[in-house]
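Next comes start-v7.pdb, with PDB, C-alpha atoms and all ligand atoms.
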```pdb
ATOM      1  CA  MET A 244      38.765  44.736  42.379
ATOM      2  CA  ALA A 245      35.438  43.088  41.612
ATOM      3  CA  GLU A 246      32.830  43.965  44.220
ATOM      4  CA  GLU A 247      30.687  40.914  43.638
ATOM      5  CA  LYS A 248      32.342  37.532  43.191
ATOM      6  CA  LYS A 249      29.821  35.686  41.068
ATOM      7  CA  PRO A 250      31.272  33.368  38.416
ATOM      8  CA  CYS A 251      29.786  34.218  35.031
ATOM      9  CA  LEU A 252      31.898  32.286  32.550
ATOM     10  CA  CYS A 253      33.828  29.107  33.300
ATOM     11  CA  GLY A 254      35.733  26.616  31.196
ATOM     12  CA  SER A 255      36.568  23.132  32.359
ATOM     13  CA  GLY A 256      39.192  21.029  30.587
ATOM     14  CA  LEU A 257      38.826  23.126  27.440
ATOM     15  CA  THR A 258      40.809  21.631  24.593
ATOM     16  CA  LYS A 259      41.052  22.432  20.903
ATOM     17  CA  ILE A 260      42.976  20.219  18.536
ATOM     18  CA  TYR A 261      43.415  21.265  14.924
ATOM     19  CA  GLY A 262      44.351  18.704  12.289
ATOM     20  CA  THR A 263      45.162  15.024  12.702
ATOM     21  CA  GLY A 264      48.195  12.708  12.539
ATOM     22  CA  VAL A 265      51.449  14.533  11.893
ATOM     23  CA  GLN A 266      49.444  17.713  11.277
ATOM     24  CA  LYS A 267      47.917  17.530  14.774
ATOM     25  CA  ASN A 268      48.177  20.769  16.672
ATOM     26  CA  VAL A 269      46.911  21.079  20.236
ATOM     27  CA  ALA A 270      46.096  24.781  20.236
ATOM     28  CA  VAL A 271      44.386  24.761  23.650
ATOM     29  CA  ASP A 272      45.209  22.002  26.095
ATOM     30  CA  HIS A 273      42.875  21.238  29.017
ATOM     31  CA  VAL A 274      42.362  24.775  30.193
ATOM     32  CA  ASP A 275      40.369  25.439  33.364
ATOM     33  CA  PHE A 276      39.203  28.965  33.425
ATOM     34  CA  ASP A 277      36.735  31.128  35.295
ATOM     35  CA  CYS A 278      35.837  34.757  35.522
ATOM     36  CA  CYS A 279      33.480  36.664  37.740
ATOM     37  CA  GLN A 280      30.919  39.326  37.090
ATOM     38  CA  ASN A 281      32.302  42.849  36.746
ATOM     39  CA  GLU A 282      35.863  41.548  36.774
ATOM     40  CA  VAL A 283      38.601  42.466  34.294
ATOM     41  CA  ILE A 284      40.749  39.496  33.494
ATOM     42  CA  SER A 285      43.653  39.257  31.109
ATOM     43  CA  ILE A 286      44.913  36.268  29.193
ATOM     44  CA  VAL A 287      48.562  36.869  28.420
ATOM     45  CA  GLY A 288      50.863  34.764  26.292
ATOM     46  CA  GLU A 289      53.216  34.716  23.348
ATOM     47  CA  SER A 290      52.025  34.555  19.779
ATOM     48  CA  GLY A 291      50.612  31.116  19.016
ATOM     49  CA  SER A 292      49.978  30.222  22.667
ATOM     50  CA  GLY A 293      46.261  29.666  21.983
ATOM     51  CA  LYS A 294      44.678  32.888  23.271
ATOM     52  CA  THR A 295      42.440  33.579  20.274
ATOM     53  CA  THR A 296      41.449  29.921  20.015
ATOM     54  CA  LEU A 297      40.398  29.967  23.681
ATOM     55  CA  ALA A 298      38.442  33.193  23.067
ATOM     56  CA  LYS A 299      36.677  31.663  20.059
ATOM     57  CA  MET A 300      35.598  28.663  22.119
ATOM     58  CA  LEU A 301      34.282  30.930  24.871
ATOM     59  CA  LEU A 302      32.367  32.910  22.263
ATOM     60  CA  GLY A 303      30.921  29.820  20.640
ATOM     61  CA  LEU A 304      32.649  30.459  17.309
ATOM     62  CA  THR A 305      34.781  27.309  17.548
ATOM     63  CA  LYS A 306      33.624  24.027  19.001
ATOM     64  CA  PRO A 307      35.901  22.632  21.714
ATOM     65  CA  THR A 308      37.396  19.231  20.924
ATOM     66  CA  GLU A 309      36.951  18.451  24.621
ATOM     67  CA  GLY A 310      35.713  20.212  27.743
ATOM     68  CA  GLU A 311      32.725  22.207  28.944
ATOM     69  CA  ILE A 312      31.738  25.831  29.181
ATOM     70  CA  TYR A 313      29.464  27.169  31.911
ATOM     71  CA  PHE A 314      27.682  30.479  31.495
ATOM     72  CA  GLN A 315      25.989  32.224  34.432
ATOM     73  CA  GLY A 316      26.151  29.040  36.500
ATOM     74  CA  LYS A 317      24.676  26.694  33.885
ATOM     75  CA  LYS A 318      26.171  24.487  31.214
ATOM     76  CA  ARG A 319      26.179  26.607  28.075
ATOM     77  CA  ASP A 320      23.659  25.550  25.471
ATOM     78  CA  ILE A 321      24.143  26.980  21.985
ATOM     79  CA  SER A 322      22.877  23.933  20.161
ATOM     80  CA  ASN A 323      20.809  25.884  17.648
ATOM     81  CA  MET A 324      20.964  29.270  15.922
ATOM     82  CA  LYS A 325      18.270  30.809  18.123
ATOM     83  CA  LYS A 326      20.184  29.891  21.290
ATOM     84  CA  LYS A 327      23.435  31.121  19.728
ATOM     85  CA  LYS A 328      21.877  34.493  18.940
ATOM     86  CA  GLU A 329      20.584  34.774  22.515
ATOM     87  CA  TYR A 330      24.093  33.957  23.766
ATOM     88  CA  TRP A 331      25.665  36.582  21.518
ATOM     89  CA  LYS A 332      23.436  39.267  22.985
ATOM     90  CA  ARG A 333      25.095  38.570  26.295
ATOM     91  CA  ILE A 334      28.697  37.967  25.232
ATOM     92  CA  GLN A 335      30.406  40.069  22.600
ATOM     93  CA  ALA A 336      33.894  40.445  21.192
ATOM     94  CA  ILE A 337      36.273  42.966  19.770
ATOM     95  CA  PHE A 338      38.857  41.297  17.563
ATOM     96  CA  GLN A 339      42.514  41.746  16.735
ATOM     97  CA  ASP A 340      41.680  42.673  13.158
ATOM     98  CA  PRO A 341      38.610  44.899  13.194
ATOM     99  CA  TYR A 342      38.292  44.780   9.403
ATOM    100  CA  SER A 343      37.410  41.095   9.553
ATOM    101  CA  SER A 344      34.563  41.782  11.975
ATOM    102  CA  PHE A 345      32.273  43.660   9.633
ATOM    103  CA  ASN A 346      30.406  42.737   6.522
ATOM    104  CA  THR A 347      32.174  44.865   3.914
ATOM    105  CA  PHE A 348      28.957  45.502   2.013
ATOM    106  CA  ASN A 349      27.118  47.068   4.931
ATOM    107  CA  LYS A 350      27.437  50.768   5.541
ATOM    108  CA  ILE A 351      28.254  51.978   9.038
ATOM    109  CA  ASP A 352      24.687  52.902   9.938
ATOM    110  CA  ALA A 353      23.563  49.394   8.943
ATOM    111  CA  VAL A 354      26.215  47.946  11.296
ATOM    112  CA  LEU A 355      24.848  50.020  14.179
ATOM    113  CA  LEU A 356      21.184  49.445  13.244
ATOM    114  CA  ASP A 357      21.844  45.699  13.397
ATOM    115  CA  CYS A 358      23.000  46.120  16.991
ATOM    116  CA  ILE A 359      19.882  48.114  17.869
ATOM    117  CA  ALA A 360      17.715  45.370  16.330
ATOM    118  CA  MET A 361      19.620  42.740  18.328
ATOM    119  CA  ARG A 362      18.946  44.726  21.476
ATOM    120  CA  ASN A 363      15.206  44.363  20.806
ATOM    121  CA  GLY A 364      15.037  47.792  19.182
ATOM    122  CA  LYS A 365      12.705  46.774  16.373
ATOM    123  CA  LYS A 366       9.962  48.738  18.055
ATOM    124  CA  TYR A 367      11.934  51.994  18.045
ATOM    125  CA  THR A 368      11.072  54.808  15.665
ATOM    126  CA  ARG A 369      13.670  55.919  13.110
ATOM    127  CA  ALA A 370      14.278  59.077  15.185
ATOM    128  CA  LYS A 371      14.920  57.011  18.333
ATOM    129  CA  LYS A 372      17.323  54.746  16.441
ATOM    130  CA  ILE A 373      19.269  57.764  15.208
ATOM    131  CA  GLU A 374      19.397  59.110  18.741
ATOM    132  CA  ILE A 375      20.879  55.808  19.984
ATOM    133  CA  MET A 376      23.430  55.732  17.146
ATOM    134  CA  GLU A 377      24.426  59.345  17.830
ATOM    135  CA  GLU A 378      24.812  58.637  21.524
ATOM    136  CA  ALA A 379      27.010  55.594  20.801
ATOM    137  CA  CYS A 380      29.189  57.543  18.352
ATOM    138  CA  CYS A 381      29.496  60.405  20.820
ATOM    139  CA  PHE A 382      30.647  57.937  23.510
ATOM    140  CA  VAL A 383      33.564  56.855  21.294
ATOM    141  CA  ASN A 384      34.289  60.298  19.799
ATOM    142  CA  LEU A 385      33.124  59.528  16.289
ATOM    143  CA  GLU A 386      31.063  61.916  14.170
ATOM    144  CA  PHE A 387      27.921  60.011  13.292
ATOM    145  CA  ASP A 388      26.972  62.354  10.416
ATOM    146  CA  GLU A 389      30.332  61.810   8.742
ATOM    147  CA  LEU A 390      30.097  58.051   9.062
ATOM    148  CA  THR A 391      26.583  57.115   8.036
ATOM    149  CA  ASN A 392      27.292  56.818   4.337
ATOM    150  CA  LYS A 393      30.686  55.194   4.646
ATOM    151  CA  TYR A 394      31.669  51.547   4.424
ATOM    152  CA  PRO A 395      33.821  49.980   7.161
ATOM    153  CA  PHE A 396      36.835  49.696   4.818
ATOM    154  CA  GLU A 397      36.774  53.477   4.397
ATOM    155  CA  LEU A 398      37.645  53.993   8.065
ATOM    156  CA  SER A 399      41.089  54.163   9.638
ATOM    157  CA  GLY A 400      42.199  51.418  12.024
ATOM    158  CA  GLY A 401      41.553  53.647  15.031
ATOM    159  CA  GLN A 402      38.101  54.714  13.812
ATOM    160  CA  MET A 403      37.271  51.087  13.202
ATOM    161  CA  GLN A 404      38.272  50.093  16.718
ATOM    162  CA  ARG A 405      36.077  52.875  18.068
ATOM    163  CA  LEU A 406      33.178  51.749  15.877
ATOM    164  CA  MET A 407      33.515  48.319  17.473
ATOM    165  CA  ILE A 408      33.262  49.892  20.905
ATOM    166  CA  ALA A 409      30.191  51.849  19.739
ATOM    167  CA  ARG A 410      28.607  48.467  18.907
ATOM    168  CA  VAL A 411      29.386  47.246  22.423
ATOM    169  CA  PHE A 412      27.919  50.471  23.826
ATOM    170  CA  ILE A 413      24.625  49.711  22.045
ATOM    171  CA  LEU A 414      24.584  45.985  22.778
ATOM    172  CA  LYS A 415      25.598  46.309  26.444
ATOM    173  CA  PRO A 416      26.696  42.675  26.801
ATOM    174  CA  GLU A 417      27.358  41.055  30.168
ATOM    175  CA  ILE A 418      30.769  39.886  28.979
ATOM    176  CA  LEU A 419      33.145  41.445  26.476
ATOM    177  CA  ILE A 420      36.103  39.557  25.063
ATOM    178  CA  ALA A 421      38.651  42.014  23.710
ATOM    179  CA  ASP A 422      41.301  40.247  21.642
ATOM    180  CA  GLU A 423      44.254  42.653  21.270
ATOM    181  CA  PRO A 424      41.810  45.469  20.552
ATOM    182  CA  THR A 425      44.516  48.076  20.566
ATOM    183  CA  SER A 426      46.935  46.335  18.214
ATOM    184  CA  MET A 427      46.257  48.559  15.216
ATOM    185  CA  ILE A 428      46.510  51.947  16.800
ATOM    186  CA  ASP A 429      49.009  54.392  18.230
ATOM    187  CA  ALA A 430      49.745  54.738  21.937
ATOM    188  CA  CYS A 431      47.511  57.779  22.393
ATOM    189  CA  SER A 432      44.423  56.226  20.802
ATOM    190  CA  ARG A 433      45.241  53.045  22.682
ATOM    191  CA  ALA A 434      44.897  54.804  26.002
ATOM    192  CA  THR A 435      41.590  56.324  24.856
ATOM    193  CA  ILE A 436      40.219  52.937  23.815
ATOM    194  CA  LEU A 437      41.178  51.421  27.159
ATOM    195  CA  GLU A 438      39.591  54.323  28.964
ATOM    196  CA  MET A 439      36.354  53.801  26.992
ATOM    197  CA  LEU A 440      36.301  50.094  27.809
ATOM    198  CA  MET A 441      36.869  50.740  31.504
ATOM    199  CA  LYS A 442      34.128  53.398  31.493
ATOM    200  CA  LEU A 443      31.725  50.940  29.866
ATOM    201  CA  ARG A 444      32.635  48.325  32.417
ATOM    202  CA  LYS A 445      31.799  50.730  35.191
ATOM    203  CA  GLU A 446      28.574  51.978  33.611
ATOM    204  CA  ILE A 447      27.035  48.626  32.747
ATOM    205  CA  GLY A 448      28.885  46.316  35.160
ATOM    206  CA  MET A 449      30.426  44.441  32.246
ATOM    207  CA  THR A 450      32.989  41.681  32.653
ATOM    208  CA  ILE A 451      36.000  42.159  30.383
ATOM    209  CA  ILE A 452      38.282  39.384  29.177
ATOM    210  CA  PHE A 453      41.308  41.085  27.728
ATOM    211  CA  ILE A 454      43.682  39.162  25.492
ATOM    212  CA  THR A 455      47.150  40.551  25.016
ATOM    213  CA  HIS A 456      50.878  39.927  24.588
ATOM    214  CA  ASP A 457      51.547  42.894  26.812
ATOM    215  CA  ILE A 458      51.895  41.821  30.421
ATOM    216  CA  GLY A 459      52.483  45.448  31.453
ATOM    217  CA  LEU A 460      49.068  46.383  30.128
ATOM    218  CA  ALA A 461      47.552  43.358  31.871
ATOM    219  CA  TYR A 462      49.038  44.537  35.167
ATOM    220  CA  TYR A 463      47.630  47.992  34.652
ATOM    221  CA  ILE A 464      44.035  47.040  33.805
ATOM    222  CA  SER A 465      43.190  43.640  35.295
ATOM    223  CA  ASP A 466      41.998  42.127  38.538
ATOM    224  CA  THR A 467      43.040  38.618  37.539
ATOM    225  CA  VAL A 468      45.665  37.398  35.093
ATOM    226  CA  PHE A 469      45.969  34.059  33.295
ATOM    227  CA  ILE A 470      49.332  33.259  31.711
ATOM    228  CA  MET A 471      49.147  31.006  28.680
ATOM    229  CA  GLU A 472      52.019  28.982  27.243
ATOM    230  CA  ARG A 473      51.639  26.533  24.348
ATOM    231  CA  GLY A 474      47.938  25.960  24.944
ATOM    232  CA  LYS A 475      48.124  25.660  28.732
ATOM    233  CA  ILE A 476      47.431  28.068  31.579
ATOM    234  CA  VAL A 477      50.718  27.916  33.449
ATOM    235  CA  GLU A 478      50.041  30.546  36.098
ATOM    236  CA  SER A 479      47.025  32.555  37.256
ATOM    237  CA  GLY A 480      45.817  34.732  40.105
ATOM    238  CA  PRO A 481      45.420  38.361  41.136
ATOM    239  CA  ALA A 482      47.340  40.613  38.728
ATOM    240  CA  GLU A 483      49.660  41.954  41.403
ATOM    241  CA  GLN A 484      50.516  38.521  42.704
ATOM    242  CA  VAL A 485      51.230  37.010  39.283
ATOM    243  CA  ILE A 486      53.146  39.956  37.877
ATOM    244  CA  LEU A 487      54.998  41.215  40.931
ATOM    245  CA  HIS A 488      55.752  37.715  42.251
ATOM    246  CA  PRO A 489      55.812  35.428  39.211
ATOM    247  CA  LYS A 490      56.423  31.776  39.951
ATOM    248  CA  GLU A 491      57.012  30.558  36.413
ATOM    249  CA  GLU A 492      60.107  31.180  34.323
ATOM    250  CA  TYR A 493      57.833  31.815  31.327
ATOM    251  CA  THR A 494      56.007  34.619  33.178
ATOM    252  CA  ARG A 495      59.336  36.181  34.103
ATOM    253  CA  ARG A 496      60.343  36.064  30.466
ATOM    254  CA  LEU A 497      57.110  37.796  29.408
ATOM    255  CA  ILE A 498      57.867  40.505  31.963
ATOM    256  CA  SER A 499      61.427  40.968  30.789
ATOM    257  CA  ASP A 500      60.227  41.094  27.168
ATOM    258  CA  VAL A 501      58.340  44.292  27.925
ATOM    259  CA  PRO A 502      61.049  46.837  28.726
ATOM    260  CA  LYS A 503      58.572  49.693  29.241
ATOM    261  CA  ILE A 504      56.944  47.910  32.134
ATOM    262  CA  HIS A 505      59.914  48.859  34.318
ATOM    263  CA  GLU A 506      59.690  52.493  33.311
ATOM    264  CA  GLU A 507      55.949  53.048  33.346
ATOM    265  CA  TRP A 508      54.914  51.010  36.330
ATOM    266  CA  ASP A 509      58.197  50.851  38.168
ATOM    267  CA  LEU A 510      58.404  47.128  38.601
ATOM    268  CA  SER A 511      62.171  47.346  38.786
ATOM    269  CA  SER A 512      62.136  46.183  42.369
ATOM    270  CA  VAL A 513      60.186  43.012  41.585
ATOM    271  CA  LYS A 514      61.417  40.116  43.676
ATOM    272  CA  TYR A 515      60.959  36.858  41.847
ATOM    273  CA  GLY A 516      59.806  33.689  43.536
TER     274      GLY A 516
HETATM  275  N1  LIG B   1      41.682  27.673  12.207
HETATM  276  C1  LIG B   1      42.833  27.096  12.524
HETATM  277  N2  LIG B   1      43.242  25.964  11.909
HETATM  278  C2  LIG B   1      44.397  25.348  12.235
HETATM  279  N3  LIG B   1      45.248  25.814  13.182
HETATM  280  C3  LIG B   1      44.900  26.925  13.835
HETATM  281  C4  LIG B   1      43.688  27.643  13.539
HETATM  282  N4  LIG B   1      43.624  28.720  14.357
HETATM  283  C5  LIG B   1      44.732  28.692  15.105
HETATM  284  N5  LIG B   1      45.505  27.632  14.811
HETATM  285  C6  LIG B   1      46.780  27.265  15.461
HETATM  286  O1  LIG B   1      46.549  27.198  16.847
HETATM  287  C7  LIG B   1      47.652  27.738  17.588
HETATM  288  C8  LIG B   1      47.153  28.855  18.493
HETATM  289  O2  LIG B   1      46.727  29.935  17.690
HETATM  290  P1  LIG B   1      46.010  31.231  18.287
HETATM  291  O3  LIG B   1      45.578  32.067  17.141
HETATM  292  O4  LIG B   1      44.995  30.799  19.247
HETATM  293  O5  LIG B   1      47.225  31.920  19.067
HETATM  294  P2  LIG B   1      47.316  33.349  19.771
HETATM  295  O6  LIG B   1      47.833  33.117  21.134
HETATM  296  O7  LIG B   1      46.030  34.063  19.629
HETATM  297  O8  LIG B   1      48.451  34.080  18.906
HETATM  298  P3  LIG B   1      48.596  35.653  18.547
HETATM  299  O9  LIG B   1      49.104  36.295  19.792
HETATM  300  O10 LIG B   1      49.627  35.653  17.467
HETATM  301  O11 LIG B   1      47.283  36.178  18.104
HETATM  302  C9  LIG B   1      48.676  28.171  16.540
HETATM  303  O12 LIG B   1      49.628  27.140  16.429
HETATM  304  C10 LIG B   1      47.860  28.324  15.278
HETATM  305  O13 LIG B   1      48.643  28.062  14.155
HETATM  306 MG    MG B   2      45.441  35.851  18.695
END
```

Taking this structure as input, can you express it in the form of structure tokens?
Amino acid sequence: MAEEKKPCLCGSGLTKIYGTGVQKNVAVDHVDFDCCQNEVISIVGESGSGKTTLAKMLLGLTKPTEGEIYFQGKKRDISNMKKKKEYWKRIQAIFQDPYSSFNTFNKIDAVLLDCIAMRNGKKYTRAKKIEIMEEACCFVNLEFDELTNKYPFELSGGQMQRLMIARVFILKPEILIADEPTSMIDACSRATILEMLMKLRKEIGMTIIFITHDIGLAYYISDTVFIMERGKIVESGPAEQVILHPKEEYTRRLISDVPKIHEEWDLSSVKYG
């Protein structure tokens, strides 16, 4: 559980509408949302329920059609590029498709050097920068020497996911939004990635917003869970309360859709209602 209950990111009435007229699609519908420092929260919902759209609004990549976002107690202001860049030092993301997150023409060391520059590392010597890159690669079990001359598309899905975590290791943001970060990898690497994220959270007191279809995983890693259905948060609260005592039919369905949850976490005795 979070030791310190200080709200760091809040959304009020967040709404995103794509298209107009018959094409109108309310992807996120008046969502109220808050998370506290050092907390792990999960947003769980079926495909198309609006999770990534909500994440993009929180990150400042998509403008809300309606609603406000509050960051560290103040109304978020990312009205110009300078403010946006400041914001992105403090809130970072790992996306569903890691290949879309990197500029294909930049080699791996350039990707990591960019992060060092963002973290005010312009004053570092070349040797210091290499030391930081090596430390980050070591944290995620990647061989820095093997990677330096490669392009992101030359990496496997798992290596790519780990490279994204190496970026987070260098940037040390206050908040990390992880949108299905383990979708492209096998179960074993998945556990390693989760372990790395949890270790980072502990080391730098990072808040993690985890987006997933997998309610079993949400139960395992989060303090608080938000259940999302067709753009709305239909249920939220402490992970144990929401998952062991779901109130909504939709939440029950998400639980029953994950057969392994009963085996791995023995929720077979869950009493609904
Ligand atoms: N850029 C866009 N333009 C138009 N519609 C969009 C756009 N992005 C998302 N949508 C629509 O918004 C809705 C929510 O999509 P979103 O990607 O947020 O869902 P999701 O919960 O992340 O799904 P998944 O679990 O499959 O990743 C969907 O109906 C989708 O088609
Ligand atoms: Mg998504």

Next on the checklist: With distances taken over all atoms listed in the file, which residue among A:Glu492, A:Glu483, A:Glu329, A:Glu423 lies nearest ligand MG 2 (chain B)?
Outcome noted: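 Counting all atoms listed in the file, the residue closest to ligand MG 2 (chain B) is A:Glu423.
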
Next on the checklist: Would you compute the distance between CA of Ile351 in chain A and CA of Thr391 in chain A? Give it in Å to one decimal.
Outcome noted: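 These atoms are spaced 5.5 Å apart.
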
Using all atoms listed in the file, what does the table of chain A residues within 8 Å of ligand MG 2 (chain B) look like, with each row giving the shortest atom pair and its distance in Å to one decimal, sorted by chain and ascending number, as CSV?
```
residue,atom,partner,partner_atom,distance
A:Ser290,CA,B:MG2,MG,6.8
A:Gly291,CA,B:MG2,MG,7.0
A:Gly293,CA,B:MG2,MG,7.1
A:Lys294,CA,B:MG2,MG,5.5
A:Thr295,CA,B:MG2,MG,4.1
A:Thr296,CA,B:MG2,MG,7.3
A:Gln339,CA,B:MG2,MG,6.9
A:Asp422,CA,B:MG2,MG,6.7
A:Glu423,CA,B:MG2,MG,7.4
A:Ile454,CA,B:MG2,MG,7.8
```

Next on the checklist: To check your reading of the model: which residues sit at most 10 Å from ligand LIG 1 (chain B) when counting all atoms listed in the file? Write the answer as a PyMOL selection string.
Outcome noted: chain A and resi 259-262+266-271+286-299+305+338-340+422-423+454-457+471-474

Item to check | Atomic separation - CA of Lys249 in chain A relative to CA of Pro489 in chain A, Å | outcome: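 Value for the CA of Pro489 in chain A-CA of Lys249 in chain A distance: 26.1 Å.
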
Checklist entry - Between CA of Lys372 in chain A and CA of Ile451 in chain A, what is the distance, to one decimal in Å? => result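 Atom-to-atom, CA of Lys372 in chain A to CA of Ile451 in chain A, that is 26.5 Å.
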
Evaluate the PyMOL selection byres (((chain A and resi 312) around 10) and not hetatm) here and jot the selected residues down as a PDB file with C-alpha atoms, in the coordinates of the input.
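As written to disk, result_31.pdb reads:
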```pdb
ATOM      1  CA  LEU A 252      31.898  32.286  32.550  1.00  0.00           C
ATOM      2  CA  CYS A 253      33.828  29.107  33.300  1.00  0.00           C
ATOM      3  CA  GLY A 254      35.733  26.616  31.196  1.00  0.00           C
ATOM      4  CA  SER A 255      36.568  23.132  32.359  1.00  0.00           C
ATOM      5  CA  GLY A 256      39.192  21.029  30.587  1.00  0.00           C
ATOM      6  CA  LEU A 257      38.826  23.126  27.440  1.00  0.00           C
ATOM      7  CA  ASP A 275      40.369  25.439  33.364  1.00  0.00           C
ATOM      8  CA  PHE A 276      39.203  28.965  33.425  1.00  0.00           C
ATOM      9  CA  ASP A 277      36.735  31.128  35.295  1.00  0.00           C
ATOM     10  CA  MET A 300      35.598  28.663  22.119  1.00  0.00           C
ATOM     11  CA  LEU A 301      34.282  30.930  24.871  1.00  0.00           C
ATOM     12  CA  LEU A 302      32.367  32.910  22.263  1.00  0.00           C
ATOM     13  CA  GLY A 303      30.921  29.820  20.640  1.00  0.00           C
ATOM     14  CA  PRO A 307      35.901  22.632  21.714  1.00  0.00           C
ATOM     15  CA  GLY A 310      35.713  20.212  27.743  1.00  0.00           C
ATOM     16  CA  GLU A 311      32.725  22.207  28.944  1.00  0.00           C
ATOM     17  CA  TYR A 313      29.464  27.169  31.911  1.00  0.00           C
ATOM     18  CA  PHE A 314      27.682  30.479  31.495  1.00  0.00           C
ATOM     19  CA  GLY A 316      26.151  29.040  36.500  1.00  0.00           C
ATOM     20  CA  LYS A 317      24.676  26.694  33.885  1.00  0.00           C
ATOM     21  CA  LYS A 318      26.171  24.487  31.214  1.00  0.00           C
ATOM     22  CA  ARG A 319      26.179  26.607  28.075  1.00  0.00           C
ATOM     23  CA  ASP A 320      23.659  25.550  25.471  1.00  0.00           C
TER      24      ASP A 320
END
```

Checklist entry - What's the 8 Å shell around range 462-468 of chain A, counting all atoms listed in the file, without same-chain residues fewer than 6 positions away, as a list in words? => result Met244, Ala245, Glu282, Val283, Ile284, Ser285, Ile286, Val287, Ser479, Gly480, Pro481, Ala482, Glu483, Val485 and Ile486 of chain A

Checklist entry - Which residue out of A:Lys415, A:Asn392, A:Thr450, A:Val383 has the minimum interatomic distance to Glu438 in chain A when all atoms listed in the file are used? => result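 The closest residue to Glu438 in chain A is A:Val383.
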
Item to check | Which of A:Met324, A:Ala379, A:Ala336, A:Leu414 sits closest to Ile359 in chain A [using only C-alpha atoms] | outcome: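 Between A:Met324, A:Ala379, A:Ala336, A:Leu414, the residue approaching Ile359 in chain A most closely is A:Leu414.
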
Next on the checklist: So, with only C-alpha atoms as the atoms that count, which of A:Ala434, A:Cys380, A:Leu440, A:Val477 lies closest to Ile420 in chain A?
Outcome noted: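 The closest residue to Ile420 in chain A is A:Leu440.
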
Checklist entry - Can you list what the PyMOL selection byres (((chain A and resi 407-413) around 10) and not hetatm) grabs from this structure, as a PyMOL selection string? => result chain A and resi 332+334-338+341+344-345+354-362+375-385+401-406+414-416+418-419+421+424+436+439-440+443+446-447

Next on the checklist: Taking all atoms listed in the file into account, name the residue in A:Thr308, A:Asn281, A:Ser322, A:Thr435 that is nearest to Thr258 in chain A.
Outcome noted: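 Going through A:Thr308, A:Asn281, A:Ser322, A:Thr435 one by one, the smallest distance to Thr258 in chain A is for A:Thr308.
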
Taking all atoms of range 367-380 of chain A that appear in the file, build a box with edges along x, y and z, extend it by 6 Å on every side, and state its centre and edge lengths in Å to one decimal, as JSON.
```
{"center_x": 20.1, "center_y": 55.7, "center_z": 17.3, "size_x": 30.1, "size_y": 19.4, "size_z": 20.4}
```

Checklist entry - For Ile452 in chain A, which of A:Val265, A:Ala353, A:Ile321, A:Cys278 is the closest residue, counting all atoms listed in the file? => result A:Cys278

Next on the checklist: Need to verify the contact set: Lys393 in chain A, 10 Å, all atoms listed in the file, exclusion of same-chain residues closer than 6 positions in sequence. Can you return it as a list in words?
Outcome noted: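 Non-adjacent residues within range: Asn349, Lys350, Ile351 and Asp352 of chain A.
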